[in-house]
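What follows is the content of query-v2.cif, which has mmCIF, C-alpha atoms:
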```cif
data_final
loop_
_atom_site.group_PDB
_atom_site.id
_atom_site.type_symbol
_atom_site.label_atom_id
_atom_site.label_comp_id
_atom_site.auth_asym_id
_atom_site.auth_seq_id
_atom_site.Cartn_x
_atom_site.Cartn_y
_atom_site.Cartn_z
ATOM 1 C CA MET W 1 25.849 -10.648 21.236
ATOM 2 C CA TRP W 2 26.072 -7.971 18.537
ATOM 3 C CA ILE W 3 25.791 -4.202 18.755
ATOM 4 C CA ILE W 4 23.419 -2.956 16.059
ATOM 5 C CA PRO W 5 24.114 0.668 15.109
ATOM 6 C CA SER W 6 20.645 1.812 14.035
ATOM 7 C CA GLY W 7 16.976 1.002 13.623
ATOM 8 C CA SER W 8 17.395 0.672 9.859
ATOM 9 C CA ALA W 9 20.189 -1.863 10.390
ATOM 10 C CA LEU W 10 17.904 -3.810 12.733
ATOM 11 C CA THR W 11 15.123 -3.734 10.125
ATOM 12 C CA SER W 12 17.511 -5.202 7.572
ATOM 13 C CA ILE W 13 18.607 -7.934 9.990
ATOM 14 C CA LEU W 14 15.007 -8.843 10.859
ATOM 15 C CA GLY W 15 14.237 -9.164 7.147
ATOM 16 C CA GLU W 16 16.975 -11.782 6.814
ATOM 17 C CA THR W 17 16.341 -13.822 9.973
ATOM 18 C CA ILE W 18 13.775 -16.484 9.248
ATOM 19 C CA GLY W 19 12.809 -19.425 11.407
ATOM 20 C CA PHE W 20 14.312 -18.586 14.770
ATOM 21 C CA PRO W 21 13.688 -16.011 17.517
ATOM 22 C CA LEU W 22 15.782 -12.882 17.808
ATOM 23 C CA TYR W 23 15.919 -10.791 20.980
ATOM 24 C CA VAL W 24 16.979 -7.128 21.076
ATOM 25 C CA THR W 25 17.600 -4.872 24.062
ATOM 26 C CA SER W 26 19.467 -1.679 24.877
ATOM 27 C CA ARG W 27 22.649 -1.411 26.900
ATOM 28 C CA ASP W 28 20.460 -0.130 29.767
ATOM 29 C CA THR W 29 18.070 -3.090 29.332
ATOM 30 C CA ASP W 30 15.078 -0.746 29.603
ATOM 31 C CA TYR W 31 13.259 -2.602 26.832
ATOM 32 C CA MET W 32 13.267 -5.919 25.031
ATOM 33 C CA LEU W 33 11.961 -6.822 21.613
ATOM 34 C CA CYS W 34 11.490 -10.390 20.456
ATOM 35 C CA PHE W 35 10.924 -11.296 16.822
ATOM 36 C CA ASP W 36 9.798 -14.908 17.052
ATOM 37 C CA ASP W 37 9.733 -17.851 14.646
ATOM 38 C CA HIS W 38 6.104 -17.027 13.739
ATOM 39 C CA ASP W 39 7.065 -13.491 12.590
ATOM 40 C CA CYS W 40 5.426 -11.924 15.651
ATOM 41 C CA LEU W 41 6.985 -8.884 17.276
ATOM 42 C CA ILE W 42 6.760 -8.982 21.080
ATOM 43 C CA ALA W 43 7.693 -5.972 23.209
ATOM 44 C CA ASN W 44 8.481 -5.362 26.860
ATOM 45 C CA GLY W 45 9.461 -2.258 28.847
ATOM 46 C CA LYS W 46 9.762 1.020 26.914
ATOM 47 C CA ALA W 47 9.255 -0.822 23.621
ATOM 48 C CA VAL W 48 5.575 -1.483 24.415
ATOM 49 C CA GLU W 49 4.650 2.155 23.790
ATOM 50 C CA TRP W 50 6.773 2.281 20.621
ATOM 51 C CA ILE W 51 4.852 -0.676 19.192
ATOM 52 C CA ARG W 52 1.489 0.815 20.148
ATOM 53 C CA LYS W 53 2.394 4.012 18.276
ATOM 54 C CA LEU W 54 3.342 1.984 15.199
ATOM 55 C CA SER W 55 0.042 0.101 15.259
ATOM 56 C CA PRO W 56 -2.658 2.496 16.531
ATOM 57 C CA ASP W 57 -5.484 0.188 15.369
ATOM 58 C CA HIS W 58 -4.266 -2.704 17.500
ATOM 59 C CA PRO W 59 -6.210 -3.001 20.770
ATOM 60 C CA SER W 60 -4.229 -2.236 23.905
ATOM 61 C CA GLN W 61 -4.058 -4.985 26.478
#
```

Show the structure stored in the file as structure tokens.
Amino acid sequence: MWIIPSGSALTSILGETIGFPLYVTSRDTDYMLCFDDHDCLIANGKAVEWIRKLSPDHPSQ
């Protein structure tokens, strides 16, 4: 487990991780993000609304 200091640091890490899933959560575990081996970003908890705001054209489920 690593502590990532910022969103920009996470963006940099995601850009370098190819071919395997990466899971990210907070210390409070109130969200989880998964960047999978197909370059899909999957969100759970509070992260769902963050992703919807980033992609307003994507249909809500």

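For the pair CA of Ser26 in chain W and CA of Asp57 in chain W, the separation is 26.8 Å.
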
ask   = Quick one, how far is CA of Trp50 in chain W from CA of Pro5 in chain W?
value =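 These atoms are spaced 18.3 Å apart.
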
key: Coordinates-based distance that separates CA of Lys53 in chain W from CA of Asp39 in chain W (Å, one decimal)   =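 Taking CA of Asp39 in chain W and CA of Lys53 in chain W, their separation equals 19.0 Å.
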
message = I want to know what sits within 10 Å of Ile4 in chain W, based on all atoms listed in the file, with residues of the same chain fewer than 3 positions away left out; could you give that as a PyMOL selection string?
response = chain W and resi 1+7-10+13+24+26

ask   = When the PyMOL selection byres ((chain W and resi 18) around 10) is applied to the file above, which residues end up in the set, as a PyMOL selection string?
value = chain W and resi 13-17+19-22+35-39

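With all atoms listed in the file as the atoms that count, the residue of W:Arg52, W:Ala47, W:Thr11, W:Ser6 with the shortest distance to Leu33 in chain W is W:Ala47.
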
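Proximity of W:Ser12, W:Pro56, W:Glu49, W:Asn44 to Asp30 in chain W, computed with only C-alpha atoms, is greatest for W:Asn44.
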